[in-house]
Amino acid sequence: MDTEALSRLYQDHVRSVEKRYATALDETGFDAVIVHSGTPKKRTEFDDQFFPLRPTPEFHLWAPLTEPDCFVVFETGKKTMLVWPECRSFWERPAPPDATHFTTMLDVRRVDEPDVASIGGGTKRIAWIGEDAARAAKLGLAGDAVNPPKLVAALDRGRVLKTPYEIACLAEANRIAALGHEAVRKAFEGGARSELELHLAFLGATKQDDQETPYKNIVALGRNGAVLHHVSYGRDATRAESLLLDAGACYLGYCSDITRTWARPVTGTGGSAGSTFSALVLAMEAMQKRLVAKVAIGMPYEELHDESHRQMSAILKESGLATGTVEEIDKKGVSRAFYPHGLGHSLGLVTHDVGCASLRPRADNPFLRNTSRIAEDQVFTIEPGLYFIDGLLAELRSKPEGKLVDWNMVEAVAPFGGIRIEDDVLVLREGVRNFTREVLPIGGATV
Ligand SMILES: [Mn+2]
């Protein structure tokens, strides 16, 4: 990405984050806030190894640094300070930041910790945002000052609408992930592969180490597609009939979250179940696009989720997997056994971003992670799915509404696992910008 353009966008980003912080502090009775990047966590107390650091998202909002024990100090009316200690360890050295644009807008101090006395500790009210309460205590911050719930909630709300800088980062995170999706699709198309091999192909094409991806890649061949978060990769190469890949990339802390589903052309082994599955993939692809086209400012996201169940019910009926009316299939919970998760979630500095799930979803939508009213500059995923999950289907089969399902057909298609198609979209005044389709035009098909 053009560094000058990035730098200009970052300047406006910092100005708007500063405004947001000033309001949040004012509303919650604080004068300043210290945001900690984090402390590495031990893998287990019985070992001396540590997990790689995941910086506090609120820290990443200011600076794309992945180093422990850095601090952002914000005080209304002052230049925001970045405390960035020099690394003196001879055991390790943090990776240099991917860009340095942030240094010009922040008051960078290469010291070990913020000087709380000079911020006005004792007289001013200073809040701490970060996981390490012991580190906060060392600076004299404890009790109500540590992650004050009202301040955290106000800062979370601030992250819902993305700045142009964040939008550029999210688009770039999509561009990088697309390289991995293309590489994996080609590898799958090429013949027998193991899930581990496909996972490594994704990392290689996106130049990410496993720990740097926004979330653990979900790589599922065949039946494993029915495990929503399948990350225990098979080691043996198989010529599976289907592949579900849910994998993203990070750019300066911002995440992409993309799922694609591919089916092999119908062969001897796939037979008519193979053509049924391929038709389902195409039906899901068309449905996902229709749902993206329905995104509109002011609409509750949950309404779009409900619409996805009506459309899923129609797909179940058209494919012959279910009989009865579309309304019955929807209202009796049949579609929920095939599509148990939510339509999507907010996306930003974390994959399941904050601020859009403060309301509880209705009881029949227990896993919906976005209950906000759709607004301009929100970024969220649209990711309907259709799976053959043994446990959920067995439960459905034992109920009266199980009679609506063609169980022979379910059994025939179950070896293909499932389908999920997921794009990341930005809400515009009219419609959306689909970051994912800009770089990966097809969501699912026969390869
Ligand atoms: Mn997702």
# chains A, B, ... in the order shown; residues from 1 in each chain; ligands from 1

call {"tool": "residues_around", "arguments": {"residues": "Ala414 of chain A", "least_positions_apart": "3", "cutoff": "12 Å", "atoms": "only C-alpha atoms", "output": "short mmCIF file (atom, residue, chain, number, x, y, z; two decimals) with C-alpha atoms, in the first residue's frame"}}
result
data_model
loop_
_atom_site.label_atom_id
_atom_site.label_comp_id
_atom_site.auth_asym_id
_atom_site.auth_seq_id
_atom_site.Cartn_x
_atom_site.Cartn_y
_atom_site.Cartn_z
CA GLY A 222 -15.23 -33.71 2.88
CA ARG A 223 -17.14 -34.64 6.05
CA ASN A 224 -14.98 -32.33 8.19
CA GLY A 225 -16.87 -29.40 6.67
CA ALA A 226 -19.62 -30.24 9.18
CA VAL A 227 -17.30 -29.25 12.06
CA GLU A 241 -15.00 -34.26 -3.04
CA SER A 242 -15.34 -30.95 -1.22
CA GLY A 270 -19.51 -38.49 -6.14
CA ALA A 273 -24.99 -36.96 -4.43
CA GLY A 274 -22.11 -35.03 -5.98
CA THR A 276 -26.84 -32.51 -5.49
CA PHE A 277 -24.01 -31.03 -3.44
CA LEU A 321 -33.81 -32.15 1.42
CA PHE A 338 -28.79 -27.31 8.98
CA LEU A 386 -25.55 -25.26 5.29
CA TYR A 387 -24.08 -28.34 7.03
CA PHE A 388 -24.77 -31.99 7.72
CA ILE A 389 -24.00 -32.13 11.44
CA ASP A 390 -24.79 -35.58 12.86
CA LEU A 393 -29.72 -33.80 12.60
CA TRP A 407 -33.15 -38.68 5.47
CA ASN A 408 -31.91 -40.84 2.60
CA MET A 409 -30.86 -37.72 0.78
CA VAL A 410 -29.19 -36.32 3.92
CA GLU A 411 -27.22 -39.53 4.29
CA GLY A 417 -19.66 -31.97 5.08
CA GLY A 418 -21.04 -28.52 4.55
CA ILE A 419 -21.03 -25.18 2.79
#

call {"tool": "select_by_dssp", "arguments": {"residues": "segment 152-342 of chain A", "states": "alpha helix (DSSP H)", "output": "count of residues only"}}
result
99

call {"tool": "residues_around", "arguments": {"residues": "Arg110 of chain A", "least_positions_apart": "3", "cutoff": "8 Å", "atoms": "only C-alpha atoms", "output": "ChimeraX atom specification"}}
result
/A:83-86

call {"tool": "write_last_selection", "arguments": {"atoms": "N, CA and C atoms", "output": "mmCIF file, in the first residue's frame"}}
result
data_model
loop_
_atom_site.group_PDB
_atom_site.id
_atom_site.type_symbol
_atom_site.label_atom_id
_atom_site.label_comp_id
_atom_site.auth_asym_id
_atom_site.auth_seq_id
_atom_site.Cartn_x
_atom_site.Cartn_y
_atom_site.Cartn_z
ATOM 1 N N VAL A 83 4.561 5.020 24.556
ATOM 2 C CA VAL A 83 5.731 4.567 25.308
ATOM 3 C C VAL A 83 6.169 3.246 24.685
ATOM 4 N N TRP A 84 7.343 3.260 24.085
ATOM 5 C CA TRP A 84 7.825 2.144 23.260
ATOM 6 C C TRP A 84 9.237 1.789 23.726
ATOM 7 N N PRO A 85 9.337 0.889 24.689
ATOM 8 C CA PRO A 85 10.655 0.603 25.278
ATOM 9 C C PRO A 85 11.612 0.000 24.249
ATOM 10 N N GLU A 86 12.889 0.313 24.413
ATOM 11 C CA GLU A 86 13.930 -0.333 23.596
ATOM 12 C C GLU A 86 14.047 -1.777 24.083
#

call {"tool": "closest_atom_pairs", "arguments": {"of": "chain A", "to": "ligand 1", "cutoff": "12 Å", "atoms": "only C-alpha atoms and all ligand atoms", "output": "JSON lines"}}
result
{"residue": "A:Pro214", "atom": "CA", "partner": "ligand 1", "partner_atom_place_in_ligand_line": "1 (Mn)", "distance": 10.6}
{"residue": "A:Tyr215", "atom": "CA", "partner": "ligand 1", "partner_atom_place_in_ligand_line": "1 (Mn)", "distance": 9.6}
{"residue": "A:Lys216", "atom": "CA", "partner": "ligand 1", "partner_atom_place_in_ligand_line": "1 (Mn)", "distance": 11.6}
{"residue": "A:Asn217", "atom": "CA", "partner": "ligand 1", "partner_atom_place_in_ligand_line": "1 (Mn)", "distance": 11.3}
{"residue": "A:Ile218", "atom": "CA", "partner": "ligand 1", "partner_atom_place_in_ligand_line": "1 (Mn)", "distance": 10.7}
{"residue": "A:Leu228", "atom": "CA", "partner": "ligand 1", "partner_atom_place_in_ligand_line": "1 (Mn)", "distance": 10.7}
{"residue": "A:His229", "atom": "CA", "partner": "ligand 1", "partner_atom_place_in_ligand_line": "1 (Mn)", "distance": 10.5}
{"residue": "A:Leu245", "atom": "CA", "partner": "ligand 1", "partner_atom_place_in_ligand_line": "1 (Mn)", "distance": 11.5}
{"residue": "A:Asp246", "atom": "CA", "partner": "ligand 1", "partner_atom_place_in_ligand_line": "1 (Mn)", "distance": 7.9}
{"residue": "A:Ala247", "atom": "CA", "partner": "ligand 1", "partner_atom_place_in_ligand_line": "1 (Mn)", "distance": 9.0}
{"residue": "A:Gly248", "atom": "CA", "partner": "ligand 1", "partner_atom_place_in_ligand_line": "1 (Mn)", "distance": 9.3}
{"residue": "A:Cys255", "atom": "CA", "partner": "ligand 1", "partner_atom_place_in_ligand_line": "1 (Mn)", "distance": 10.4}
{"residue": "A:Ser256", "atom": "CA", "partner": "ligand 1", "partner_atom_place_in_ligand_line": "1 (Mn)", "distance": 8.7}
{"residue": "A:Asp257", "atom": "CA", "partner": "ligand 1", "partner_atom_place_in_ligand_line": "1 (Mn)", "distance": 5.3}
{"residue": "A:Ile258", "atom": "CA", "partner": "ligand 1", "partner_atom_place_in_ligand_line": "1 (Mn)", "distance": 6.8}
{"residue": "A:Thr259", "atom": "CA", "partner": "ligand 1", "partner_atom_place_in_ligand_line": "1 (Mn)", "distance": 7.7}
{"residue": "A:Arg260", "atom": "CA", "partner": "ligand 1", "partner_atom_place_in_ligand_line": "1 (Mn)", "distance": 11.4}
{"residue": "A:His341", "atom": "CA", "partner": "ligand 1", "partner_atom_place_in_ligand_line": "1 (Mn)", "distance": 10.2}
{"residue": "A:Gly342", "atom": "CA", "partner": "ligand 1", "partner_atom_place_in_ligand_line": "1 (Mn)", "distance": 9.3}
{"residue": "A:Leu343", "atom": "CA", "partner": "ligand 1", "partner_atom_place_in_ligand_line": "1 (Mn)", "distance": 8.7}
{"residue": "A:Gly344", "atom": "CA", "partner": "ligand 1", "partner_atom_place_in_ligand_line": "1 (Mn)", "distance": 6.0}
{"residue": "A:His345", "atom": "CA", "partner": "ligand 1", "partner_atom_place_in_ligand_line": "1 (Mn)", "distance": 6.5}
{"residue": "A:Ser346", "atom": "CA", "partner": "ligand 1", "partner_atom_place_in_ligand_line": "1 (Mn)", "distance": 8.7}
{"residue": "A:Leu347", "atom": "CA", "partner": "ligand 1", "partner_atom_place_in_ligand_line": "1 (Mn)", "distance": 8.2}
{"residue": "A:Gly348", "atom": "CA", "partner": "ligand 1", "partner_atom_place_in_ligand_line": "1 (Mn)", "distance": 11.3}
{"residue": "A:Val350", "atom": "CA", "partner": "ligand 1", "partner_atom_place_in_ligand_line": "1 (Mn)", "distance": 10.7}
{"residue": "A:Thr351", "atom": "CA", "partner": "ligand 1", "partner_atom_place_in_ligand_line": "1 (Mn)", "distance": 7.0}
{"residue": "A:His352", "atom": "CA", "partner": "ligand 1", "partner_atom_place_in_ligand_line": "1 (Mn)", "distance": 7.3}
{"residue": "A:Asp353", "atom": "CA", "partner": "ligand 1", "partner_atom_place_in_ligand_line": "1 (Mn)", "distance": 10.2}
{"residue": "A:Leu368", "atom": "CA", "partner": "ligand 1", "partner_atom_place_in_ligand_line": "1 (Mn)", "distance": 11.1}
{"residue": "A:Arg369", "atom": "CA", "partner": "ligand 1", "partner_atom_place_in_ligand_line": "1 (Mn)", "distance": 9.7}
{"residue": "A:Asn370", "atom": "CA", "partner": "ligand 1", "partner_atom_place_in_ligand_line": "1 (Mn)", "distance": 11.1}
{"residue": "A:Val379", "atom": "CA", "partner": "ligand 1", "partner_atom_place_in_ligand_line": "1 (Mn)", "distance": 11.8}
{"residue": "A:Phe380", "atom": "CA", "partner": "ligand 1", "partner_atom_place_in_ligand_line": "1 (Mn)", "distance": 8.6}
{"residue": "A:Thr381", "atom": "CA", "partner": "ligand 1", "partner_atom_place_in_ligand_line": "1 (Mn)", "distance": 6.0}
{"residue": "A:Ile382", "atom": "CA", "partner": "ligand 1", "partner_atom_place_in_ligand_line": "1 (Mn)", "distance": 7.8}
{"residue": "A:Glu383", "atom": "CA", "partner": "ligand 1", "partner_atom_place_in_ligand_line": "1 (Mn)", "distance": 6.6}
{"residue": "A:Pro384", "atom": "CA", "partner": "ligand 1", "partner_atom_place_in_ligand_line": "1 (Mn)", "distance": 9.7}
{"residue": "A:Gly385", "atom": "CA", "partner": "ligand 1", "partner_atom_place_in_ligand_line": "1 (Mn)", "distance": 10.8}
{"residue": "A:Arg420", "atom": "CA", "partner": "ligand 1", "partner_atom_place_in_ligand_line": "1 (Mn)", "distance": 9.7}
{"residue": "A:Ile421", "atom": "CA", "partner": "ligand 1", "partner_atom_place_in_ligand_line": "1 (Mn)", "distance": 9.5}
{"residue": "A:Glu422", "atom": "CA", "partner": "ligand 1", "partner_atom_place_in_ligand_line": "1 (Mn)", "distance": 6.8}
{"residue": "A:Asp423", "atom": "CA", "partner": "ligand 1", "partner_atom_place_in_ligand_line": "1 (Mn)", "distance": 8.3}
{"residue": "A:Asp424", "atom": "CA", "partner": "ligand 1", "partner_atom_place_in_ligand_line": "1 (Mn)", "distance": 8.5}
{"residue": "A:Val425", "atom": "CA", "partner": "ligand 1", "partner_atom_place_in_ligand_line": "1 (Mn)", "distance": 11.5}

call {"tool": "closest_atom_pairs", "arguments": {"of": "segment 136-168 of chain A", "to": "segment 54-67 of chain A", "cutoff": "12 Å", "atoms": "only C-alpha atoms", "output": "JSON lines"}}
result
{"residue": "A:Asn147", "atom": "CA", "partner": "A:Glu58", "partner_atom": "CA", "distance": 11.4}
{"residue": "A:Leu151", "atom": "CA", "partner": "A:Glu58", "partner_atom": "CA", "distance": 11.8}
{"residue": "A:Val152", "atom": "CA", "partner": "A:Glu58", "partner_atom": "CA", "distance": 9.5}
{"residue": "A:Ala153", "atom": "CA", "partner": "A:Glu58", "partner_atom": "CA", "distance": 11.8}
{"residue": "A:Ala154", "atom": "CA", "partner": "A:Glu58", "partner_atom": "CA", "distance": 11.8}
{"residue": "A:Leu155", "atom": "CA", "partner": "A:Glu58", "partner_atom": "CA", "distance": 8.1}
{"residue": "A:Asp156", "atom": "CA", "partner": "A:Glu58", "partner_atom": "CA", "distance": 8.7}
{"residue": "A:Arg157", "atom": "CA", "partner": "A:Glu58", "partner_atom": "CA", "distance": 11.8}
{"residue": "A:Gly158", "atom": "CA", "partner": "A:Glu58", "partner_atom": "CA", "distance": 10.4}
{"residue": "A:Arg159", "atom": "CA", "partner": "A:Leu61", "partner_atom": "CA", "distance": 8.8}
{"residue": "A:Lys162", "atom": "CA", "partner": "A:Leu61", "partner_atom": "CA", "distance": 10.9}
{"residue": "A:Thr163", "atom": "CA", "partner": "A:Leu61", "partner_atom": "CA", "distance": 10.8}
{"residue": "A:Tyr165", "atom": "CA", "partner": "A:Leu61", "partner_atom": "CA", "distance": 10.5}
{"residue": "A:Glu166", "atom": "CA", "partner": "A:Leu61", "partner_atom": "CA", "distance": 9.0}

call {"tool": "residues_around", "arguments": {"residues": "Asp406 of chain A", "least_positions_apart": "4", "cutoff": "12 Å", "atoms": "only C-alpha atoms", "output": "list in words"}}
result
Leu316, Lys317, Ser319, Gly320, Leu321, Ala322, Thr323, Gly324, Val334, Leu393, Leu396, Arg397, Glu401, Gly402, Val410, Glu411, Ala412 and Val413 of chain A

call {"tool": "select_by_dssp", "arguments": {"residues": "segment 202-396 of chain A", "states": "strand (DSSP E)", "output": "list of chain:residue names"}}
result
A:Ile218, A:Val219, A:Ala220, A:Leu221, A:Ser242, A:Leu243, A:Leu244, A:Leu245, A:Asp246, A:Ala247, A:Cys250, A:Tyr251, A:Tyr254, A:Cys255, A:Ile258, A:Thr259, A:Arg260, A:Thr261, A:Trp262, A:Ala263, A:Val379, A:Phe380, A:Thr381, A:Ile382, A:Gly385, A:Leu386, A:Tyr387

call {"tool": "write_last_selection", "arguments": {"atoms": "C-alpha atoms", "output": "PDB file, in the first residue's frame"}}
result
ATOM      1  CA  ILE A 218     -10.389 -23.660   9.212  1.00  0.00           C
ATOM      2  CA  VAL A 219      -9.447 -26.191   6.531  1.00  0.00           C
ATOM      3  CA  ALA A 220     -12.023 -28.942   6.091  1.00  0.00           C
ATOM      4  CA  LEU A 221     -12.089 -31.639   3.455  1.00  0.00           C
ATOM      5  CA  SER A 242     -15.341 -30.950  -1.216  1.00  0.00           C
ATOM      6  CA  LEU A 243     -13.298 -28.285   0.547  1.00  0.00           C
ATOM      7  CA  LEU A 244     -14.391 -25.601   2.989  1.00  0.00           C
ATOM      8  CA  LEU A 245     -11.700 -22.990   3.705  1.00  0.00           C
ATOM      9  CA  ASP A 246     -12.340 -20.263   6.282  1.00  0.00           C
ATOM     10  CA  ALA A 247      -9.153 -18.214   6.531  1.00  0.00           C
ATOM     11  CA  CYS A 250      -4.103  -9.328   9.166  1.00  0.00           C
ATOM     12  CA  TYR A 251      -2.895  -5.974   7.944  1.00  0.00           C
ATOM     13  CA  TYR A 254      -6.992  -5.323  10.954  1.00  0.00           C
ATOM     14  CA  CYS A 255      -8.536  -8.677  10.056  1.00  0.00           C
ATOM     15  CA  ILE A 258     -13.314 -15.174   4.375  1.00  0.00           C
ATOM     16  CA  THR A 259     -14.907 -18.547   3.660  1.00  0.00           C
ATOM     17  CA  ARG A 260     -15.053 -20.318   0.339  1.00  0.00           C
ATOM     18  CA  THR A 261     -16.500 -23.754  -0.506  1.00  0.00           C
ATOM     19  CA  TRP A 262     -15.406 -25.819  -3.490  1.00  0.00           C
ATOM     20  CA  ALA A 263     -16.747 -29.057  -4.896  1.00  0.00           C
ATOM     21  CA  VAL A 379     -17.980  -3.500   8.535  1.00  0.00           C
ATOM     22  CA  PHE A 380     -19.376  -6.979   9.048  1.00  0.00           C
ATOM     23  CA  THR A 381     -19.442 -10.437   7.534  1.00  0.00           C
ATOM     24  CA  ILE A 382     -22.284 -12.114   5.654  1.00  0.00           C
ATOM     25  CA  GLY A 385     -23.927 -21.898   5.960  1.00  0.00           C
ATOM     26  CA  LEU A 386     -25.546 -25.264   5.292  1.00  0.00           C
ATOM     27  CA  TYR A 387     -24.084 -28.341   7.030  1.00  0.00           C
TER      28      TYR A 387
END

call {"tool": "closest_residue", "arguments": {"among": "A:Thr100, A:Thr76, A:Glu131, A:Arg239", "to": "Thr39 of chain A", "atoms": "only C-alpha atoms"}}
result
A:Glu131

call {"tool": "atom_distance", "arguments": {"atom1": "atom CA of Ala237 of chain A", "atom2": "atom CA of Glu197 of chain A"}}
result
8.2 Å

call {"tool": "residues_around", "arguments": {"residues": "segment 373-377 of chain A", "least_positions_apart": "4", "cutoff": "6 Å", "atoms": "only C-alpha atoms", "output": "PyMOL selection string"}}
result
chain A and resi 161-162+297-301+427-429

call {"tool": "residues_around", "arguments": {"residues": "Lys332 of chain A", "least_positions_apart": "4", "cutoff": "10 Å", "atoms": "only C-alpha atoms", "output": "PyMOL selection string"}}
result
chain A and resi 327-328+336+400-402+404

call {"tool": "write_last_selection", "arguments": {"atoms": "C-alpha atoms", "output": "PDB file, in the first residue's frame"}}
result
ATOM      1  CA  GLU A 327     -42.760 -21.327   6.203  1.00  0.00           C
ATOM      2  CA  GLU A 328     -43.028 -24.669   8.012  1.00  0.00           C
ATOM      3  CA  ARG A 336     -31.744 -24.226  12.203  1.00  0.00           C
ATOM      4  CA  PRO A 400     -42.204 -34.609  14.787  1.00  0.00           C
ATOM      5  CA  GLU A 401     -40.795 -32.016  12.342  1.00  0.00           C
ATOM      6  CA  GLY A 402     -38.113 -34.588  11.434  1.00  0.00           C
ATOM      7  CA  LEU A 404     -40.202 -32.993   6.839  1.00  0.00           C
TER       8      LEU A 404
END
